[in-house]
file entry-v4.txt (compact mmCIF, N, CA, C and O atoms)
# COMPACT_ATOMS: atom_id res chain seq x y z
N MET A 1 -15.87 35.95 56.47
CA MET A 1 -15.19 37.07 55.85
C MET A 1 -14.52 37.89 56.97
O MET A 1 -15.02 37.96 58.08
N TYR A 2 -13.41 38.49 56.61
CA TYR A 2 -12.60 39.19 57.61
C TYR A 2 -12.15 40.56 57.12
O TYR A 2 -11.95 40.77 55.93
N LYS A 3 -12.00 41.46 58.09
CA LYS A 3 -11.56 42.82 57.81
C LYS A 3 -10.42 43.15 58.76
O LYS A 3 -10.46 42.79 59.94
N LEU A 4 -9.42 43.83 58.25
CA LEU A 4 -8.27 44.21 59.06
C LEU A 4 -8.72 45.12 60.19
O LEU A 4 -9.45 46.08 59.97
N LYS A 5 -8.30 44.82 61.42
CA LYS A 5 -8.73 45.64 62.54
C LYS A 5 -7.74 46.73 62.89
O LYS A 5 -8.05 47.62 63.67
N LEU A 6 -6.57 46.71 62.29
CA LEU A 6 -5.57 47.75 62.52
C LEU A 6 -5.78 48.92 61.56
O LEU A 6 -6.27 48.72 60.44
N SER A 7 -5.38 50.09 61.98
CA SER A 7 -5.41 51.22 61.05
C SER A 7 -4.30 51.01 60.01
O SER A 7 -3.39 50.20 60.23
N LYS A 8 -4.40 51.73 58.93
CA LYS A 8 -3.40 51.64 57.87
C LYS A 8 -2.00 51.93 58.43
O LYS A 8 -1.04 51.22 58.13
N GLU A 9 -1.90 52.95 59.27
CA GLU A 9 -0.61 53.34 59.84
C GLU A 9 -0.06 52.26 60.77
O GLU A 9 1.13 51.95 60.74
N ASP A 10 -0.94 51.68 61.59
CA ASP A 10 -0.52 50.62 62.50
C ASP A 10 -0.08 49.36 61.74
O ASP A 10 0.86 48.68 62.12
N PHE A 11 -0.79 49.06 60.64
CA PHE A 11 -0.42 47.90 59.83
C PHE A 11 0.95 48.10 59.20
O PHE A 11 1.79 47.19 59.22
N LYS A 12 1.19 49.29 58.68
CA LYS A 12 2.49 49.57 58.06
C LYS A 12 3.61 49.52 59.10
O LYS A 12 4.71 49.03 58.83
N LYS A 13 3.32 49.97 60.32
CA LYS A 13 4.29 49.90 61.41
C LYS A 13 4.59 48.43 61.74
O LYS A 13 5.74 48.05 61.95
N LEU A 14 3.55 47.61 61.78
CA LEU A 14 3.70 46.19 62.04
C LEU A 14 4.58 45.53 60.98
O LEU A 14 5.45 44.72 61.31
N LEU A 15 4.35 45.88 59.73
CA LEU A 15 5.17 45.32 58.65
C LEU A 15 6.63 45.72 58.81
O LEU A 15 7.52 44.89 58.64
N LYS A 16 6.85 46.97 59.15
CA LYS A 16 8.21 47.45 59.34
C LYS A 16 8.90 46.70 60.48
O LYS A 16 10.06 46.31 60.37
N GLU A 17 8.19 46.49 61.57
CA GLU A 17 8.74 45.75 62.71
C GLU A 17 9.10 44.31 62.36
O GLU A 17 10.02 43.74 62.92
N ASN A 18 8.35 43.74 61.41
CA ASN A 18 8.58 42.36 60.99
C ASN A 18 9.41 42.25 59.71
O ASN A 18 9.55 41.15 59.16
N HIS A 19 9.93 43.38 59.25
CA HIS A 19 10.84 43.43 58.10
C HIS A 19 10.26 42.77 56.85
O HIS A 19 10.88 41.93 56.21
N ILE A 20 9.03 43.16 56.52
CA ILE A 20 8.37 42.65 55.32
C ILE A 20 7.56 43.77 54.69
O ILE A 20 7.13 44.69 55.37
N LYS A 21 7.39 43.70 53.39
CA LYS A 21 6.62 44.71 52.66
C LYS A 21 5.36 44.07 52.08
O LYS A 21 5.28 42.85 51.91
N GLN A 22 4.39 44.91 51.78
CA GLN A 22 3.14 44.43 51.20
C GLN A 22 3.41 43.65 49.92
O GLN A 22 2.78 42.63 49.66
N LYS A 23 4.36 44.11 49.14
CA LYS A 23 4.71 43.46 47.88
C LYS A 23 5.19 42.02 48.14
O LYS A 23 4.84 41.10 47.40
N GLU A 24 5.98 41.84 49.18
CA GLU A 24 6.48 40.51 49.53
C GLU A 24 5.35 39.60 50.00
O GLU A 24 5.32 38.41 49.66
N ILE A 25 4.43 40.16 50.79
CA ILE A 25 3.28 39.37 51.26
C ILE A 25 2.48 38.88 50.06
O ILE A 25 2.12 37.70 49.99
N ALA A 26 2.23 39.77 49.12
CA ALA A 26 1.47 39.41 47.92
C ALA A 26 2.16 38.27 47.17
O ALA A 26 1.50 37.32 46.73
N LYS A 27 3.45 38.35 47.03
CA LYS A 27 4.20 37.31 46.32
C LYS A 27 4.13 35.99 47.07
O LYS A 27 3.92 34.94 46.46
N ILE A 28 4.28 36.03 48.37
CA ILE A 28 4.26 34.81 49.20
C ILE A 28 2.92 34.10 49.11
O ILE A 28 2.86 32.88 48.95
N ILE A 29 1.82 34.86 49.19
CA ILE A 29 0.51 34.21 49.23
C ILE A 29 -0.14 34.08 47.84
O ILE A 29 -1.19 33.48 47.71
N GLY A 30 0.51 34.63 46.83
CA GLY A 30 0.03 34.42 45.46
C GLY A 30 -1.12 35.29 45.02
O GLY A 30 -1.99 34.84 44.28
N VAL A 31 -1.13 36.54 45.49
CA VAL A 31 -2.15 37.49 45.05
C VAL A 31 -1.47 38.72 44.48
O VAL A 31 -0.27 38.91 44.66
N ASP A 32 -2.24 39.56 43.84
CA ASP A 32 -1.72 40.81 43.31
C ASP A 32 -1.46 41.80 44.44
O ASP A 32 -2.14 41.77 45.47
N GLU A 33 -0.49 42.66 44.25
CA GLU A 33 -0.16 43.67 45.26
C GLU A 33 -1.36 44.55 45.59
O GLU A 33 -1.52 44.98 46.74
N THR A 34 -2.20 44.82 44.60
CA THR A 34 -3.36 45.68 44.83
C THR A 34 -4.35 45.03 45.79
O THR A 34 -5.06 45.73 46.52
N TYR A 35 -4.40 43.70 45.82
CA TYR A 35 -5.30 42.99 46.73
C TYR A 35 -4.90 43.26 48.18
O TYR A 35 -5.76 43.51 49.04
N ILE A 36 -3.60 43.23 48.46
CA ILE A 36 -3.12 43.51 49.81
C ILE A 36 -3.43 44.96 50.17
O ILE A 36 -3.91 45.26 51.26
N SER A 37 -3.21 45.85 49.23
CA SER A 37 -3.50 47.27 49.45
C SER A 37 -4.98 47.49 49.75
O SER A 37 -5.34 48.24 50.65
N GLN A 38 -5.83 46.81 49.01
CA GLN A 38 -7.27 46.93 49.23
C GLN A 38 -7.65 46.39 50.61
O GLN A 38 -8.50 46.97 51.29
N ALA A 39 -7.03 45.29 51.03
CA ALA A 39 -7.31 44.74 52.36
C ALA A 39 -6.90 45.73 53.44
O ALA A 39 -7.61 45.91 54.43
N VAL A 40 -5.76 46.38 53.25
CA VAL A 40 -5.28 47.38 54.21
C VAL A 40 -6.24 48.56 54.27
O VAL A 40 -6.44 49.16 55.32
N ASN A 41 -6.86 48.87 53.15
CA ASN A 41 -7.77 50.00 53.08
C ASN A 41 -9.23 49.64 53.41
O ASN A 41 -10.12 50.44 53.19
N GLY A 42 -9.45 48.43 53.94
CA GLY A 42 -10.78 48.10 54.43
C GLY A 42 -11.56 47.07 53.66
O GLY A 42 -12.69 46.75 54.03
N ARG A 43 -11.00 46.51 52.60
CA ARG A 43 -11.71 45.48 51.84
C ARG A 43 -11.91 44.25 52.71
O ARG A 43 -11.01 43.84 53.46
N ILE A 44 -13.05 43.65 52.60
CA ILE A 44 -13.34 42.41 53.32
C ILE A 44 -12.76 41.26 52.51
O ILE A 44 -12.97 41.17 51.30
N ILE A 45 -12.03 40.37 53.19
CA ILE A 45 -11.36 39.27 52.50
C ILE A 45 -11.75 37.93 53.12
O ILE A 45 -12.33 37.87 54.20
N SER A 46 -11.40 36.86 52.44
CA SER A 46 -11.73 35.52 52.91
C SER A 46 -10.88 35.11 54.10
O SER A 46 -9.82 35.71 54.37
N LYS A 47 -11.33 34.10 54.80
CA LYS A 47 -10.59 33.58 55.94
C LYS A 47 -9.22 33.06 55.50
O LYS A 47 -8.22 33.28 56.18
N LEU A 48 -9.16 32.39 54.36
CA LEU A 48 -7.90 31.85 53.85
C LEU A 48 -6.89 32.96 53.58
O LEU A 48 -5.72 32.85 53.97
N CYS A 49 -7.33 34.05 52.96
CA CYS A 49 -6.42 35.16 52.69
C CYS A 49 -5.99 35.85 53.98
O CYS A 49 -4.82 36.21 54.12
N ALA A 50 -6.91 36.02 54.91
CA ALA A 50 -6.57 36.64 56.20
C ALA A 50 -5.52 35.79 56.92
O ALA A 50 -4.52 36.31 57.43
N TYR A 51 -5.73 34.49 56.92
CA TYR A 51 -4.78 33.58 57.55
C TYR A 51 -3.41 33.65 56.86
O TYR A 51 -2.37 33.72 57.53
N SER A 52 -3.42 33.66 55.55
CA SER A 52 -2.18 33.70 54.78
C SER A 52 -1.40 34.98 55.03
O SER A 52 -0.18 34.95 55.16
N ILE A 53 -2.11 36.10 55.11
CA ILE A 53 -1.45 37.38 55.39
C ILE A 53 -0.80 37.34 56.77
O ILE A 53 0.36 37.73 56.93
N CYS A 54 -1.53 36.82 57.75
CA CYS A 54 -0.98 36.72 59.11
C CYS A 54 0.30 35.89 59.13
O CYS A 54 1.31 36.31 59.70
N LYS A 55 0.26 34.74 58.52
CA LYS A 55 1.40 33.83 58.54
C LYS A 55 2.57 34.36 57.71
O LYS A 55 3.73 34.09 58.02
N ALA A 56 2.28 35.12 56.66
CA ALA A 56 3.35 35.72 55.86
C ALA A 56 4.09 36.78 56.65
O ALA A 56 5.31 36.95 56.50
N ILE A 57 3.37 37.50 57.50
CA ILE A 57 4.00 38.55 58.31
C ILE A 57 4.83 37.92 59.42
O ILE A 57 5.98 38.27 59.63
N ASN A 58 4.21 36.99 60.16
CA ASN A 58 4.89 36.36 61.28
C ASN A 58 4.20 35.03 61.54
O ASN A 58 2.99 34.99 61.75
N SER A 59 4.95 33.95 61.56
CA SER A 59 4.36 32.62 61.71
C SER A 59 3.62 32.43 63.03
O SER A 59 2.81 31.52 63.18
N ASN A 60 3.85 33.31 63.99
CA ASN A 60 3.17 33.22 65.29
C ASN A 60 1.82 33.93 65.31
O ASN A 60 1.05 33.76 66.25
N PHE A 61 1.52 34.74 64.30
CA PHE A 61 0.26 35.47 64.27
C PHE A 61 -0.89 34.55 63.92
O PHE A 61 -0.76 33.62 63.13
N GLU A 62 -2.03 34.83 64.52
CA GLU A 62 -3.28 34.15 64.19
C GLU A 62 -4.24 35.20 63.64
O GLU A 62 -4.04 36.40 63.83
N ILE A 63 -5.30 34.76 63.01
CA ILE A 63 -6.27 35.68 62.40
C ILE A 63 -6.78 36.70 63.40
O ILE A 63 -6.86 37.89 63.10
N VAL A 64 -7.10 36.27 64.61
CA VAL A 64 -7.67 37.17 65.61
C VAL A 64 -6.71 38.29 66.02
O VAL A 64 -7.13 39.30 66.58
N ASP A 65 -5.43 38.12 65.77
CA ASP A 65 -4.45 39.14 66.10
C ASP A 65 -4.56 40.37 65.18
O ASP A 65 -4.30 41.48 65.61
N LEU A 66 -4.96 40.14 63.93
CA LEU A 66 -4.97 41.23 62.94
C LEU A 66 -6.33 41.51 62.32
O LEU A 66 -6.52 42.60 61.77
N PHE A 67 -7.26 40.58 62.40
CA PHE A 67 -8.53 40.73 61.69
C PHE A 67 -9.73 40.57 62.61
O PHE A 67 -9.64 39.89 63.64
N ILE A 68 -10.84 41.17 62.19
CA ILE A 68 -12.12 40.93 62.86
C ILE A 68 -13.03 40.19 61.90
O ILE A 68 -12.96 40.39 60.68
N ARG A 69 -13.86 39.33 62.45
CA ARG A 69 -14.77 38.53 61.62
C ARG A 69 -16.00 39.37 61.30
O ARG A 69 -16.59 40.00 62.18
N ILE A 70 -16.38 39.36 60.04
CA ILE A 70 -17.56 40.08 59.57
C ILE A 70 -18.62 39.05 59.20
O ILE A 70 -18.39 38.16 58.38
N GLU A 71 -19.77 39.16 59.82
CA GLU A 71 -20.89 38.24 59.51
C GLU A 71 -21.56 38.68 58.21
O GLU A 71 -21.72 39.86 57.95
N LYS A 72 -21.94 37.72 57.41
CA LYS A 72 -22.66 38.03 56.17
C LYS A 72 -24.08 37.58 56.26
O LYS A 72 -24.44 36.63 56.79

call {"tool": "encode", "arguments": {"input": "entry-v4.txt", "output": "structure tokens"}}
result
Amino acid sequence: MYKLKLSKEDFKKLLKENHIKQKEIAKIIGVDETYISQAVNGRIISKLCAYSICKAINSNFEIVDLFIRIEK
């Protein structure tokens, strides 16, 4: 399980730099917009979703660039 390691403000800045919106990420990876919003606000998500979010933002990003691993 993974949690976003950036603050909400830093994440939004990152999206702006990469010319993408949360709504577009949701559409690309096939989840609801609220799921992306919840992840930005601290929801713990699966490895697959974390990976998908990274790649939707920038194909060069890896999970470790944006997320921290949470042990269960």

call {"tool": "atom_distance", "arguments": {"input": "entry-v4.txt", "atom1": "atom N of Arg69 of chain A", "atom2": "atom O of Ile36 of chain A"}}
result
16.1 Å

call {"tool": "closest_residue", "arguments": {"input": "entry-v4.txt", "among": "A:Ile68, A:Ala56, A:Ile63, A:Val40", "to": "Glu24 of chain A", "atoms": "only N, CA, C and O atoms"}}
result
A:Ala56

call {"tool": "select_by_dssp", "arguments": {"input": "entry-v4.txt", "residues": "chain A", "states": "strand (DSSP E or B)", "output": "list of chain:residue names"}}
result
A:Tyr2, A:Lys3, A:Leu4, A:Ile45, A:Phe67, A:Ile68, A:Arg69

call {"tool": "atom_distance", "arguments": {"input": "entry-v4.txt", "atom1": "atom N of Ser46 of chain A", "atom2": "atom N of Tyr2 of chain A"}}
result
4.9 Å

call {"tool": "closest_residue", "arguments": {"input": "entry-v4.txt", "among": "A:Val31, A:Lys23, A:Phe61, A:Asn18", "to": "Ile45 of chain A", "atoms": "only C-alpha atoms"}}
result
A:Val31

call {"tool": "decode", "arguments": {"input": "entry-v4.txt", "residues": "segment 24-72 of chain A", "atoms": "C-alpha atoms", "output": "PDB file, in the first residue's frame"}}
result
ATOM      1  CA  GLU A  24      -7.370  13.722 -16.703  1.00  0.00           C
ATOM      2  CA  ILE A  25      -5.370  11.338 -14.507  1.00  0.00           C
ATOM      3  CA  ALA A  26      -8.607   9.731 -13.323  1.00  0.00           C
ATOM      4  CA  LYS A  27      -9.786   9.264 -16.897  1.00  0.00           C
ATOM      5  CA  ILE A  28      -6.445   7.812 -18.039  1.00  0.00           C
ATOM      6  CA  ILE A  29      -6.208   5.237 -15.253  1.00  0.00           C
ATOM      7  CA  GLY A  30      -9.928   4.442 -15.122  1.00  0.00           C
ATOM      8  CA  VAL A  31     -10.930   5.614 -11.665  1.00  0.00           C
ATOM      9  CA  ASP A  32     -13.338   8.217 -10.373  1.00  0.00           C
ATOM     10  CA  GLU A  33     -12.070  11.768  -9.889  1.00  0.00           C
ATOM     11  CA  THR A  34     -12.844  11.520  -6.179  1.00  0.00           C
ATOM     12  CA  TYR A  35     -10.375   8.617  -5.855  1.00  0.00           C
ATOM     13  CA  ILE A  36      -7.523  10.830  -7.072  1.00  0.00           C
ATOM     14  CA  SER A  37      -8.656  13.588  -4.722  1.00  0.00           C
ATOM     15  CA  GLN A  38      -8.718  11.161  -1.805  1.00  0.00           C
ATOM     16  CA  ALA A  39      -5.201   9.950  -2.668  1.00  0.00           C
ATOM     17  CA  VAL A  40      -3.992  13.563  -2.707  1.00  0.00           C
ATOM     18  CA  ASN A  41      -5.599  14.076   0.691  1.00  0.00           C
ATOM     19  CA  GLY A  42      -3.811  11.111   2.277  1.00  0.00           C
ATOM     20  CA  ARG A  43      -5.768   7.990   1.340  1.00  0.00           C
ATOM     21  CA  ILE A  44      -3.640   4.873   1.152  1.00  0.00           C
ATOM     22  CA  ILE A  45      -3.825   3.297  -2.305  1.00  0.00           C
ATOM     23  CA  SER A  46      -2.626   0.131  -4.020  1.00  0.00           C
ATOM     24  CA  LYS A  47       0.721  -0.234  -5.731  1.00  0.00           C
ATOM     25  CA  LEU A  48      -1.017  -0.510  -9.119  1.00  0.00           C
ATOM     26  CA  CYS A  49      -2.879   2.777  -8.639  1.00  0.00           C
ATOM     27  CA  ALA A  50       0.239   4.543  -7.353  1.00  0.00           C
ATOM     28  CA  TYR A  51       2.176   3.322 -10.388  1.00  0.00           C
ATOM     29  CA  SER A  52      -0.619   4.352 -12.749  1.00  0.00           C
ATOM     30  CA  ILE A  53      -0.810   7.848 -11.265  1.00  0.00           C
ATOM     31  CA  CYS A  54       2.951   8.275 -11.648  1.00  0.00           C
ATOM     32  CA  LYS A  55       2.956   7.166 -15.265  1.00  0.00           C
ATOM     33  CA  ALA A  56      -0.109   9.279 -16.114  1.00  0.00           C
ATOM     34  CA  ILE A  57       1.682  12.388 -14.845  1.00  0.00           C
ATOM     35  CA  ASN A  58       5.022  11.671 -16.491  1.00  0.00           C
ATOM     36  CA  SER A  59       6.244   8.431 -18.062  1.00  0.00           C
ATOM     37  CA  ASN A  60       9.640   8.916 -16.387  1.00  0.00           C
ATOM     38  CA  PHE A  61       8.228   8.922 -12.841  1.00  0.00           C
ATOM     39  CA  GLU A  62       8.508   5.860 -10.641  1.00  0.00           C
ATOM     40  CA  ILE A  63       6.496   5.090  -7.507  1.00  0.00           C
ATOM     41  CA  VAL A  64       9.352   6.111  -5.197  1.00  0.00           C
ATOM     42  CA  ASP A  65       9.346   9.591  -6.736  1.00  0.00           C
ATOM     43  CA  LEU A  66       5.835  10.399  -5.473  1.00  0.00           C
ATOM     44  CA  PHE A  67       4.787   7.772  -2.923  1.00  0.00           C
ATOM     45  CA  ILE A  68       5.972   6.148   0.281  1.00  0.00           C
ATOM     46  CA  ARG A  69       5.323   2.492   1.034  1.00  0.00           C
ATOM     47  CA  ILE A  70       3.047   1.792   3.991  1.00  0.00           C
ATOM     48  CA  GLU A  71       3.445  -1.564   5.731  1.00  0.00           C
ATOM     49  CA  LYS A  72       0.267  -3.350   6.745  1.00  0.00           C
TER      50      LYS A  72
END
